[in-house]
>>> print(open('query-v8.pdb').read())   # PDB, C-alpha atoms, pLDDT in the B column
ATOM      1  CA  PRO A   1      64.486  45.223  74.937  1.00 68.00           C
ATOM      2  CA  LEU A   2      63.905  42.532  77.568  1.00 69.00           C
ATOM      3  CA  PRO A   3      60.492  41.567  78.945  1.00 76.00           C
ATOM      4  CA  SER A   4      59.914  42.276  82.630  1.00 76.00           C
ATOM      5  CA  PRO A   5      60.550  39.083  84.619  1.00 75.00           C
ATOM      6  CA  PRO A   6      58.134  37.837  87.298  1.00 77.00           C
ATOM      7  CA  THR A   7      59.083  38.422  90.921  1.00 78.00           C
ATOM      8  CA  GLY A   8      62.162  36.409  91.872  1.00 76.00           C
ATOM      9  CA  TYR A   9      63.137  35.645  88.280  1.00 79.00           C
ATOM     10  CA  VAL A  10      65.926  37.045  86.149  1.00 81.00           C
ATOM     11  CA  VAL A  11      65.766  37.174  82.352  1.00 84.00           C
ATOM     12  CA  TRP A  12      68.267  36.565  79.553  1.00 84.00           C
ATOM     13  CA  CYS A  13      67.837  36.773  75.822  1.00 89.00           C
ATOM     14  CA  SER A  14      69.404  34.379  73.321  1.00 90.00           C
ATOM     15  CA  ASP A  15      69.396  33.178  69.696  1.00 93.00           C
ATOM     16  CA  PRO A  16      68.445  36.432  67.915  1.00 95.00           C
ATOM     17  CA  VAL A  17      67.259  36.640  64.303  1.00 97.00           C
ATOM     18  CA  VAL A  18      66.720  39.949  62.461  1.00 97.00           C
ATOM     19  CA  ARG A  19      64.740  40.654  59.284  1.00 96.00           C
ATOM     20  CA  TYR A  20      63.454  43.759  57.493  1.00 95.00           C
ATOM     21  CA  SER A  21      59.922  44.010  56.127  1.00 92.00           C
ATOM     22  CA  PRO A  22      59.749  43.810  52.307  1.00 88.00           C
ATOM     23  CA  ASP A  23      59.508  47.592  51.936  1.00 87.00           C
ATOM     24  CA  GLY A  24      62.202  48.293  54.542  1.00 90.00           C
ATOM     25  CA  SER A  25      59.883  50.283  56.791  1.00 91.00           C
ATOM     26  CA  LYS A  26      60.184  47.901  59.755  1.00 94.00           C
ATOM     27  CA  VAL A  27      62.889  45.692  61.202  1.00 97.00           C
ATOM     28  CA  TYR A  28      62.009  42.701  63.370  1.00 97.00           C
ATOM     29  CA  ALA A  29      64.086  40.877  65.973  1.00 97.00           C
ATOM     30  CA  ALA A  30      62.970  37.457  67.212  1.00 98.00           C
ATOM     31  CA  TYR A  31      64.736  35.841  70.154  1.00 96.00           C
ATOM     32  CA  MET A  32      64.377  33.636  73.217  1.00 95.00           C
ATOM     33  CA  ALA A  33      63.419  35.385  76.456  1.00 93.00           C
ATOM     34  CA  ILE A  34      64.649  32.965  79.138  1.00 90.00           C
ATOM     35  CA  PHE A  35      63.402  33.349  82.706  1.00 88.00           C
ATOM     36  CA  CYS A  36      64.828  31.576  85.744  1.00 84.00           C
ATOM     37  CA  ILE A  37      65.321  31.791  89.502  1.00 80.00           C
ATOM     38  CA  PRO A  38      69.079  31.787  90.212  1.00 74.00           C
ATOM     39  CA  ASP A  39      70.551  29.978  93.192  1.00 68.00           C
ATOM     40  CA  ASP A  40      72.183  33.221  94.302  1.00 67.00           C
ATOM     41  CA  PRO A  41      70.129  36.308  93.258  1.00 62.00           C
ATOM     42  CA  SER A  42      73.070  38.606  94.036  1.00 64.00           C
ATOM     43  CA  THR A  43      75.175  36.943  91.302  1.00 62.00           C
ATOM     44  CA  PRO A  44      72.685  35.464  88.833  1.00 55.00           C
ATOM     45  CA  ASP A  45      74.034  32.925  86.399  1.00 58.00           C
ATOM     46  CA  GLU A  46      71.741  31.191  83.928  1.00 55.00           C
ATOM     47  CA  ASN A  47      73.700  27.952  84.348  1.00 57.00           C
ATOM     48  CA  GLU A  48      72.563  27.771  87.981  1.00 59.00           C
ATOM     49  CA  CYS A  49      68.833  27.537  87.404  1.00 65.00           C
ATOM     50  CA  TRP A  50      67.937  24.852  84.867  1.00 58.00           C
ATOM     51  CA  THR A  51      65.289  23.439  87.213  1.00 61.00           C
ATOM     52  CA  THR A  52      63.413  26.741  87.438  1.00 70.00           C
ATOM     53  CA  MET A  53      63.740  27.865  83.822  1.00 81.00           C
ATOM     54  CA  TYR A  54      61.173  28.599  81.136  1.00 88.00           C
ATOM     55  CA  SER A  55      61.224  30.627  77.941  1.00 92.00           C
ATOM     56  CA  HIS A  56      59.072  32.472  75.424  1.00 95.00           C
ATOM     57  CA  ILE A  57      59.856  33.306  71.807  1.00 97.00           C
ATOM     58  CA  VAL A  58      59.324  37.046  71.509  1.00 97.00           C
ATOM     59  CA  VAL A  59      59.483  39.587  68.675  1.00 97.00           C
ATOM     60  CA  SER A  60      60.393  43.252  68.943  1.00 97.00           C
ATOM     61  CA  ARG A  61      60.179  45.703  66.070  1.00 97.00           C
ATOM     62  CA  SER A  62      61.671  49.019  65.099  1.00 97.00           C
ATOM     63  CA  THR A  63      60.223  51.550  62.667  1.00 96.00           C
ATOM     64  CA  ASN A  64      63.312  53.803  62.610  1.00 97.00           C
ATOM     65  CA  ASN A  65      65.959  51.444  61.259  1.00 96.00           C
ATOM     66  CA  GLY A  66      66.824  50.016  64.666  1.00 95.00           C
ATOM     67  CA  GLN A  67      67.442  53.282  66.524  1.00 96.00           C
ATOM     68  CA  SER A  68      64.719  52.363  69.028  1.00 96.00           C
ATOM     69  CA  TRP A  69      62.575  49.284  69.625  1.00 96.00           C
ATOM     70  CA  GLY A  70      59.045  48.576  70.748  1.00 95.00           C
ATOM     71  CA  ALA A  71      58.165  46.315  73.646  1.00 94.00           C
ATOM     72  CA  PRO A  72      58.605  42.592  72.925  1.00 95.00           C
ATOM     73  CA  VAL A  73      55.500  40.624  71.925  1.00 96.00           C
ATOM     74  CA  ILE A  74      55.187  36.912  72.699  1.00 96.00           C
ATOM     75  CA  ALA A  75      55.046  35.030  69.406  1.00 98.00           C
ATOM     76  CA  ILE A  76      55.275  31.444  70.730  1.00 98.00           C
ATOM     77  CA  PRO A  77      54.771  31.020  74.483  1.00 96.00           C
ATOM     78  CA  GLY A  78      56.498  28.575  76.784  1.00 94.00           C
ATOM     79  CA  GLY A  79      55.500  27.228  80.156  1.00 90.00           C
ATOM     80  CA  SER A  80      56.118  24.562  82.758  1.00 86.00           C
ATOM     81  CA  THR A  81      55.687  21.713  80.253  1.00 93.00           C
ATOM     82  CA  ARG A  82      56.982  23.376  77.071  1.00 95.00           C
ATOM     83  CA  PHE A  83      60.325  25.031  76.365  1.00 95.00           C
ATOM     84  CA  PRO A  84      60.636  26.855  72.997  1.00 96.00           C
ATOM     85  CA  ASP A  85      64.174  26.882  71.616  1.00 95.00           C
ATOM     86  CA  LYS A  86      66.099  28.042  68.516  1.00 95.00           C
ATOM     87  CA  PRO A  87      63.621  30.469  66.893  1.00 97.00           C
ATOM     88  CA  TRP A  88      63.858  31.756  63.347  1.00 97.00           C
ATOM     89  CA  LEU A  89      62.019  34.578  61.622  1.00 97.00           C
ATOM     90  CA  ASP A  90      61.309  35.593  58.036  1.00 97.00           C
ATOM     91  CA  VAL A  91      59.101  37.790  55.858  1.00 94.00           C
ATOM     92  CA  HIS A  92      58.047  37.738  52.215  1.00 87.00           C
ATOM     93  CA  ARG A  93      60.387  38.758  49.440  1.00 81.00           C
ATOM     94  CA  PHE A  94      59.952  42.285  48.111  1.00 71.00           C
ATOM     95  CA  PHE A  95      58.403  42.906  44.738  1.00 67.00           C
ATOM     96  CA  PRO A  96      56.684  45.977  43.200  1.00 66.00           C
ATOM     97  CA  GLY A  97      53.020  46.216  44.143  1.00 67.00           C
ATOM     98  CA  GLY A  98      53.358  43.613  46.895  1.00 70.00           C
ATOM     99  CA  THR A  99      50.809  43.528  49.705  1.00 71.00           C
ATOM    100  CA  THR A 100      52.811  41.549  52.263  1.00 81.00           C
ATOM    101  CA  ASN A 101      54.679  44.277  54.139  1.00 85.00           C
ATOM    102  CA  ASN A 102      52.985  43.426  57.448  1.00 91.00           C
ATOM    103  CA  ARG A 103      53.359  39.625  57.390  1.00 93.00           C
ATOM    104  CA  VAL A 104      55.908  38.024  59.717  1.00 96.00           C
ATOM    105  CA  TYR A 105      56.633  34.300  60.214  1.00 97.00           C
ATOM    106  CA  VAL A 106      58.257  32.642  63.220  1.00 98.00           C
ATOM    107  CA  THR A 107      59.152  29.008  63.850  1.00 98.00           C
ATOM    108  CA  THR A 108      60.775  27.285  66.795  1.00 98.00           C
ATOM    109  CA  THR A 109      61.350  23.878  68.325  1.00 97.00           C
ATOM    110  CA  VAL A 110      59.247  23.279  71.427  1.00 98.00           C
ATOM    111  CA  PHE A 111      60.461  20.653  73.885  1.00 96.00           C
ATOM    112  CA  THR A 112      57.502  19.293  75.833  1.00 96.00           C
ATOM    113  CA  ASP A 113      57.128  16.753  78.615  1.00 94.00           C
ATOM    114  CA  THR A 114      56.305  14.109  75.981  1.00 96.00           C
ATOM    115  CA  GLY A 115      58.646  14.942  73.090  1.00 97.00           C
ATOM    116  CA  CYS A 116      59.582  17.758  70.730  1.00 97.00           C
ATOM    117  CA  GLN A 117      57.808  19.553  67.907  1.00 98.00           C
ATOM    118  CA  ILE A 118      58.214  22.277  65.296  1.00 98.00           C
ATOM    119  CA  GLU A 119      55.747  25.134  65.742  1.00 98.00           C
ATOM    120  CA  PHE A 120      54.845  27.955  63.341  1.00 98.00           C
ATOM    121  CA  THR A 121      53.107  31.263  63.919  1.00 98.00           C
ATOM    122  CA  SER A 122      52.451  34.347  61.832  1.00 97.00           C
ATOM    123  CA  SER A 123      51.543  37.996  62.195  1.00 97.00           C
ATOM    124  CA  THR A 124      49.454  39.971  59.720  1.00 94.00           C
ATOM    125  CA  ASN A 125      49.895  43.336  61.448  1.00 94.00           C
ATOM    126  CA  GLY A 126      53.621  43.879  61.387  1.00 94.00           C
ATOM    127  CA  GLY A 127      54.475  41.967  64.545  1.00 95.00           C
ATOM    128  CA  THR A 128      51.954  43.728  66.776  1.00 96.00           C
ATOM    129  CA  SER A 129      50.342  40.377  67.584  1.00 97.00           C
ATOM    130  CA  PHE A 130      50.713  36.747  66.502  1.00 98.00           C
ATOM    131  CA  ALA A 131      48.256  33.958  65.784  1.00 98.00           C
ATOM    132  CA  PRO A 132      48.197  30.857  68.024  1.00 98.00           C
ATOM    133  CA  SER A 133      51.047  28.599  66.962  1.00 98.00           C
ATOM    134  CA  GLN A 134      50.516  25.490  64.843  1.00 98.00           C
ATOM    135  CA  VAL A 135      52.375  22.211  65.265  1.00 98.00           C
ATOM    136  CA  ILE A 136      53.697  21.283  61.825  1.00 97.00           C
ATOM    137  CA  ALA A 137      55.963  18.382  62.895  1.00 98.00           C
ATOM    138  CA  SER A 138      56.187  16.344  66.076  1.00 97.00           C
ATOM    139  CA  SER A 139      58.217  13.499  67.570  1.00 97.00           C
ATOM    140  CA  ASP A 140      57.125  11.411  70.556  1.00 97.00           C
ATOM    141  CA  GLY A 141      59.903  11.155  73.088  1.00 96.00           C
ATOM    142  CA  CYS A 142      61.966  13.403  70.806  1.00 96.00           C
ATOM    143  CA  ASP A 143      63.094  10.270  68.945  1.00 94.00           C
ATOM    144  CA  PRO A 144      63.970  11.252  66.289  1.00 95.00           C
ATOM    145  CA  VAL A 145      65.086  14.753  67.272  1.00 95.00           C
ATOM    146  CA  VAL A 146      63.501  17.610  65.291  1.00 96.00           C
ATOM    147  CA  GLN A 147      65.253  20.958  65.661  1.00 95.00           C
ATOM    148  CA  GLY A 148      66.655  23.997  63.876  1.00 93.00           C
ATOM    149  CA  SER A 149      63.563  25.032  61.889  1.00 96.00           C
ATOM    150  CA  ARG A 150      63.444  27.958  59.476  1.00 97.00           C
ATOM    151  CA  PRO A 151      60.472  29.630  57.772  1.00 97.00           C
ATOM    152  CA  ILE A 152      61.008  31.156  54.342  1.00 95.00           C
ATOM    153  CA  GLY A 153      58.533  33.632  52.874  1.00 94.00           C
ATOM    154  CA  GLY A 154      58.219  33.438  49.114  1.00 89.00           C
ATOM    155  CA  ARG A 155      56.666  35.759  46.590  1.00 80.00           C
ATOM    156  CA  ALA A 156      52.965  36.396  47.165  1.00 77.00           C
ATOM    157  CA  VAL A 157      51.118  35.687  43.927  1.00 78.00           C
ATOM    158  CA  SER A 158      47.943  37.427  45.103  1.00 79.00           C
ATOM    159  CA  SER A 159      46.217  38.532  48.285  1.00 78.00           C
ATOM    160  CA  SER A 160      45.036  34.943  48.797  1.00 81.00           C
ATOM    161  CA  THR A 161      48.054  33.003  47.495  1.00 84.00           C
ATOM    162  CA  GLY A 162      51.260  33.467  49.428  1.00 89.00           C
ATOM    163  CA  TYR A 163      53.848  30.725  49.616  1.00 93.00           C
ATOM    164  CA  VAL A 164      55.662  29.880  52.837  1.00 96.00           C
ATOM    165  CA  LEU A 165      58.208  27.082  53.247  1.00 97.00           C
ATOM    166  CA  VAL A 166      59.326  25.657  56.605  1.00 98.00           C
ATOM    167  CA  CYS A 167      62.243  23.219  56.849  1.00 98.00           C
ATOM    168  CA  TRP A 168      63.943  21.576  59.825  1.00 97.00           C
ATOM    169  CA  TYR A 169      66.494  18.980  60.881  1.00 96.00           C
ATOM    170  CA  ASN A 170      65.291  15.416  61.566  1.00 96.00           C
ATOM    171  CA  SER A 171      67.833  13.074  63.177  1.00 95.00           C
ATOM    172  CA  GLU A 172      66.333   9.974  61.482  1.00 94.00           C
ATOM    173  CA  ASP A 173      65.831   6.599  63.140  1.00 89.00           C
ATOM    174  CA  ASP A 174      69.506   5.871  63.845  1.00 91.00           C
ATOM    175  CA  GLY A 175      69.743   8.465  66.608  1.00 86.00           C
ATOM    176  CA  TRP A 176      70.841  12.023  67.255  1.00 88.00           C
ATOM    177  CA  LEU A 177      74.339  12.954  65.974  1.00 87.00           C
ATOM    178  CA  VAL A 178      74.855   9.439  64.631  1.00 86.00           C
ATOM    179  CA  GLY A 179      75.011   8.386  60.980  1.00 90.00           C
ATOM    180  CA  LYS A 180      72.305   9.889  58.776  1.00 94.00           C
ATOM    181  CA  PHE A 181      69.784  12.724  58.978  1.00 95.00           C
ATOM    182  CA  ASP A 182      67.067  14.385  56.895  1.00 96.00           C
ATOM    183  CA  ILE A 183      66.018  17.932  56.141  1.00 96.00           C
ATOM    184  CA  ARG A 184      62.217  17.805  56.231  1.00 98.00           C
ATOM    185  CA  CYS A 185      59.900  20.501  54.856  1.00 98.00           C
ATOM    186  CA  ARG A 186      56.271  21.513  54.550  1.00 98.00           C
ATOM    187  CA  THR A 187      54.809  24.163  52.239  1.00 97.00           C
ATOM    188  CA  SER A 188      51.808  26.471  52.553  1.00 97.00           C
ATOM    189  CA  SER A 189      50.244  28.387  49.668  1.00 94.00           C
ATOM    190  CA  ASP A 190      47.957  30.542  51.823  1.00 93.00           C
ATOM    191  CA  TYR A 191      50.356  32.433  54.100  1.00 93.00           C
ATOM    192  CA  GLY A 192      50.676  29.587  56.598  1.00 95.00           C
ATOM    193  CA  LEU A 193      47.007  28.858  57.235  1.00 95.00           C
ATOM    194  CA  ASN A 194      47.138  25.340  55.781  1.00 97.00           C
ATOM    195  CA  TRP A 195      50.067  23.044  55.072  1.00 98.00           C
ATOM    196  CA  GLY A 196      50.938  20.327  52.605  1.00 98.00           C
ATOM    197  CA  SER A 197      52.404  16.954  53.502  1.00 98.00           C
ATOM    198  CA  GLU A 198      55.853  16.598  55.044  1.00 98.00           C
ATOM    199  CA  VAL A 199      58.562  15.821  52.488  1.00 98.00           C
ATOM    200  CA  ALA A 200      62.264  15.010  52.744  1.00 97.00           C
ATOM    201  CA  ALA A 201      64.170  17.692  50.862  1.00 97.00           C
ATOM    202  CA  VAL A 202      67.403  15.933  51.873  1.00 95.00           C
ATOM    203  CA  ASP A 203      66.941  12.228  52.572  1.00 96.00           C
ATOM    204  CA  ASP A 204      69.363   9.956  54.448  1.00 95.00           C
ATOM    205  CA  MET A 205      72.315  12.337  54.399  1.00 93.00           C
ATOM    206  CA  TYR A 206      75.300  10.780  56.175  1.00 90.00           C
ATOM    207  CA  SER A 207      78.103  12.311  58.261  1.00 84.00           C
ATOM    208  CA  GLU A 208      76.145  14.150  60.965  1.00 86.00           C
ATOM    209  CA  LEU A 209      78.219  16.608  62.952  1.00 84.00           C
ATOM    210  CA  THR A 210      79.407  15.504  66.369  1.00 81.00           C
ATOM    211  CA  TYR A 211      78.514  17.541  69.454  1.00 82.00           C
ATOM    212  CA  TRP A 212      82.023  18.919  70.092  1.00 81.00           C
ATOM    213  CA  LEU A 213      84.541  19.912  67.419  1.00 79.00           C
ATOM    214  CA  GLY A 214      87.628  20.021  69.583  1.00 67.00           C
ATOM    215  CA  PRO A 215      88.997  19.486  73.088  1.00 67.00           C
ATOM    216  CA  SER A 216      87.561  22.673  74.624  1.00 66.00           C
ATOM    217  CA  CYS A 217      83.795  22.364  74.892  1.00 62.00           C
ATOM    218  CA  ILE A 218      83.473  26.051  75.824  1.00 63.00           C
ATOM    219  CA  TYR A 219      84.510  27.204  72.361  1.00 63.00           C
ATOM    220  CA  HIS A 220      83.978  24.249  70.079  1.00 76.00           C
ATOM    221  CA  ARG A 221      80.334  23.237  70.232  1.00 78.00           C
ATOM    222  CA  TRP A 222      79.876  22.049  66.675  1.00 82.00           C
ATOM    223  CA  TRP A 223      76.413  20.473  66.752  1.00 85.00           C
ATOM    224  CA  GLY A 224      74.618  23.774  66.052  1.00 82.00           C
ATOM    225  CA  GLY A 225      75.946  23.676  62.498  1.00 81.00           C
ATOM    226  CA  GLU A 226      73.317  21.008  61.764  1.00 81.00           C
ATOM    227  CA  PHE A 227      70.686  23.725  61.893  1.00 79.00           C
TER     228      PHE A 227
END
>>> encode(input="query-v8.pdb", output="structure tokens")
Amino acid sequence: PLPSPPTGYVVWCSDPVVRYSPDGSKVYAAYMAIFCIPDDPSTPDENECWTTMYSHIVVSRSTNNGQSWGAPVIAIPGGSTRFPDKPWLDVHRFFPGGTTNNRVYVTTTVFTDTGCQIEFTSSTNGGTSFAPSQVIASSDGCDPVVQGSRPIGGRAVSSSTGYVLVCWYNSEDDGWLVGKFDIRCRTSSDYGLNWGSEVAAVDDMYSELTYWLGPSCIYHRWWGGEF
């Protein structure tokens, strides 16, 4: 389902991620809801309206194995000075007696007017609502670039101890798509309430992918593989 756009705007969705709850009773879909005012409303094209574009990261859920879906809920909001991009979603792993069937985790990169940052949010009620997002990594001026984050829900040891890992791409100090990069991570042991220090899971890895793989940019955008 698509959110209803404001007057004069059209809406697209992009970058979907789907996960089942640990017990299989719910399936979640996180994606970008992109709103813009096209140059020609009679033939809207998202490539026409970069200057009037904003997005939200939304989550819809199904309780009947995807046959029907509830209305999308904003997990990480955007706005005039923040553009969320490339969301990812996860839940906890299943295990007998687990109590995490209603926990959902979402991360995204948010491009702001001063840089870029990785944001995390969680739901404790099966995606019905989400907590205000936390910034778990940031980069002034987006130098280095941080992008392509993923949350990973682990096994909950108890009702108070639940491990969550978030990792993302960091372009390092030699520039985006040039030379080396890192995969940076932070870990929480309390379902994403508090976070440990940032660590480099992969440090100074060389041979970053270039932006285009081949001569036709329409079909050969290669850079996304870095995520």
>>> residues_around(input="query-v8.pdb", residues="segment 77-87 of chain A", least_positions_apart="6", cutoff="12 Å", atoms="all atoms listed in the file", output="NGL selection string")
:A and (13-18 or 29-36 or 50-59 or 105-121 or 130-134 or 146-151 or 168-169 or 224 or 227)
>>> residues_near_point(input="query-v8.pdb", point="(53.7, 43.0, 61.7)", cutoff="6 Å", atoms="only C-alpha atoms", output="PyMOL selection string")
chain A and resi 102-104+123-128
>>> atom_distance(input="query-v8.pdb", atom1="atom CA of Trp69 of chain A", atom2="atom CA of Gly98 of chain A")
25.2 Å
>>> closest_residue(input="query-v8.pdb", among="A:Asp190, A:Pro38, A:Glu208, A:Glu226", to="Tyr9 of chain A", atoms="all atoms listed in the file")
A:Pro38
>>> closest_residue(input="query-v8.pdb", among="A:Trp88, A:Asn170, A:Phe94, A:Asp143", to="Ser122 of chain A", atoms="all atoms listed in the file")
A:Trp88
>>> residues_around(input="query-v8.pdb", residues="segment 198-207 of chain A", least_positions_apart="6", cutoff="6 Å", atoms="only C-alpha atoms", output="list in words")
Gly179, Lys180, Phe181, Asp182, Ile183, Arg184, Cys185 and Arg186 of chain A
>>> atom_distance(input="query-v8.pdb", atom1="atom CA of Asn65 of chain A", atom2="atom CA of Ser129 of chain A")
20.2 Å
>>> resolve_selection(input="query-v8.pdb", expression="the PyMOL selection byres ((chain A and resi 72) around 7)", output="PDB file with C-alpha atoms, in the frame of the given file")
ATOM      1  CA  PRO A   1      64.486  45.223  74.937  1.00 68.00           C
ATOM      2  CA  PRO A   3      60.492  41.567  78.945  1.00 76.00           C
ATOM      3  CA  VAL A  58      59.324  37.046  71.509  1.00 97.00           C
ATOM      4  CA  VAL A  59      59.483  39.587  68.675  1.00 97.00           C
ATOM      5  CA  SER A  60      60.393  43.252  68.943  1.00 97.00           C
ATOM      6  CA  GLY A  70      59.045  48.576  70.748  1.00 95.00           C
ATOM      7  CA  ALA A  71      58.165  46.315  73.646  1.00 94.00           C
ATOM      8  CA  VAL A  73      55.500  40.624  71.925  1.00 96.00           C
ATOM      9  CA  ILE A  74      55.187  36.912  72.699  1.00 96.00           C
TER      10      ILE A  74
END
>>> resolve_selection(input="query-v8.pdb", expression="the PyMOL selection byres ((chain A and resi 101) around 7)", output="PyMOL selection string")
chain A and resi 21-23+99-100+102-103
>>> axis_aligned_box(input="query-v8.pdb", around="segment 54-72 of chain A", padding_each_side="3 Å", output="JSON")
{"center_x": 62.8, "center_y": 41.2, "center_z": 71.2, "size_x": 15.3, "size_y": 31.2, "size_z": 25.9}
>>> closest_residue(input="query-v8.pdb", among="A:Tyr191, A:Leu165, A:Asn64, A:Asp173", to="Pro144 of chain A", atoms="only C-alpha atoms")
A:Asp173
>>> closest_residue(input="query-v8.pdb", among="A:Gly153, A:Thr161, A:Ile37, A:Ser138", to="Val11 of chain A", atoms="all atoms listed in the file")
A:Ile37
>>> closest_residue(input="query-v8.pdb", among="A:Ala156, A:Arg19, A:Leu177, A:Ser189", to="Trp212 of chain A", atoms="all atoms listed in the file")
A:Leu177
>>> atom_distance(input="query-v8.pdb", atom1="atom CA of Leu193 of chain A", atom2="atom CA of Ile136 of chain A")
11.1 Å
>>> resolve_selection(input="query-v8.pdb", expression="the PyMOL selection byres ((chain A and resi 155) around 8)", output="short mmCIF file (atom, residue, chain, number, x, y, z; two decimals) with C-alpha atoms, in the coordinates of the input")
data_model
loop_
_atom_site.label_atom_id
_atom_site.label_comp_id
_atom_site.auth_asym_id
_atom_site.auth_seq_id
_atom_site.Cartn_x
_atom_site.Cartn_y
_atom_site.Cartn_z
CA HIS A 92 58.05 37.74 52.22
CA ARG A 93 60.39 38.76 49.44
CA PHE A 94 59.95 42.28 48.11
CA PHE A 95 58.40 42.91 44.74
CA GLY A 153 58.53 33.63 52.87
CA GLY A 154 58.22 33.44 49.11
CA ALA A 156 52.96 36.40 47.16
CA VAL A 157 51.12 35.69 43.93
CA GLY A 162 51.26 33.47 49.43
CA TYR A 163 53.85 30.72 49.62
#
>>> decode(input="query-v8.pdb", residues="segment 122-147 of chain A", atoms="C-alpha atoms", output="PDB file, in the first residue's frame")
ATOM      1  CA  SER A 122      12.390  -0.018  16.774  1.00  0.00           C
ATOM      2  CA  SER A 123       8.847  -1.174  17.391  1.00  0.00           C
ATOM      3  CA  THR A 124       7.723  -3.235  20.371  1.00  0.00           C
ATOM      4  CA  ASN A 125       4.145  -3.729  19.165  1.00  0.00           C
ATOM      5  CA  GLY A 126       4.559  -5.521  15.880  1.00  0.00           C
ATOM      6  CA  GLY A 127       5.046  -2.473  13.683  1.00  0.00           C
ATOM      7  CA  THR A 128       1.961  -0.612  14.888  1.00  0.00           C
ATOM      8  CA  SER A 129       4.152   2.304  15.970  1.00  0.00           C
ATOM      9  CA  PHE A 130       7.868   3.107  16.159  1.00  0.00           C
ATOM     10  CA  ALA A 131      10.040   4.899  18.689  1.00  0.00           C
ATOM     11  CA  PRO A 132      11.750   8.186  17.732  1.00  0.00           C
ATOM     12  CA  SER A 133      14.836   7.344  15.702  1.00  0.00           C
ATOM     13  CA  GLN A 134      18.341   7.446  17.164  1.00  0.00           C
ATOM     14  CA  VAL A 135      21.439   8.650  15.340  1.00  0.00           C
ATOM     15  CA  ILE A 136      24.050   5.918  15.749  1.00  0.00           C
ATOM     16  CA  ALA A 137      26.631   7.277  13.263  1.00  0.00           C
ATOM     17  CA  SER A 138      27.072  10.656  11.616  1.00  0.00           C
ATOM     18  CA  SER A 139      29.367  12.408   9.145  1.00  0.00           C
ATOM     19  CA  ASP A 140      29.632  16.183   8.757  1.00  0.00           C
ATOM     20  CA  GLY A 141      29.394  17.168   5.129  1.00  0.00           C
ATOM     21  CA  CYS A 142      28.907  13.475   4.330  1.00  0.00           C
ATOM     22  CA  ASP A 143      32.704  13.129   4.201  1.00  0.00           C
ATOM     23  CA  PRO A 144      33.208  10.241   4.636  1.00  0.00           C
ATOM     24  CA  VAL A 145      29.991   8.835   3.171  1.00  0.00           C
ATOM     25  CA  VAL A 146      28.001   6.522   5.471  1.00  0.00           C
ATOM     26  CA  GLN A 147      25.330   4.464   3.725  1.00  0.00           C
TER      27      GLN A 147
END
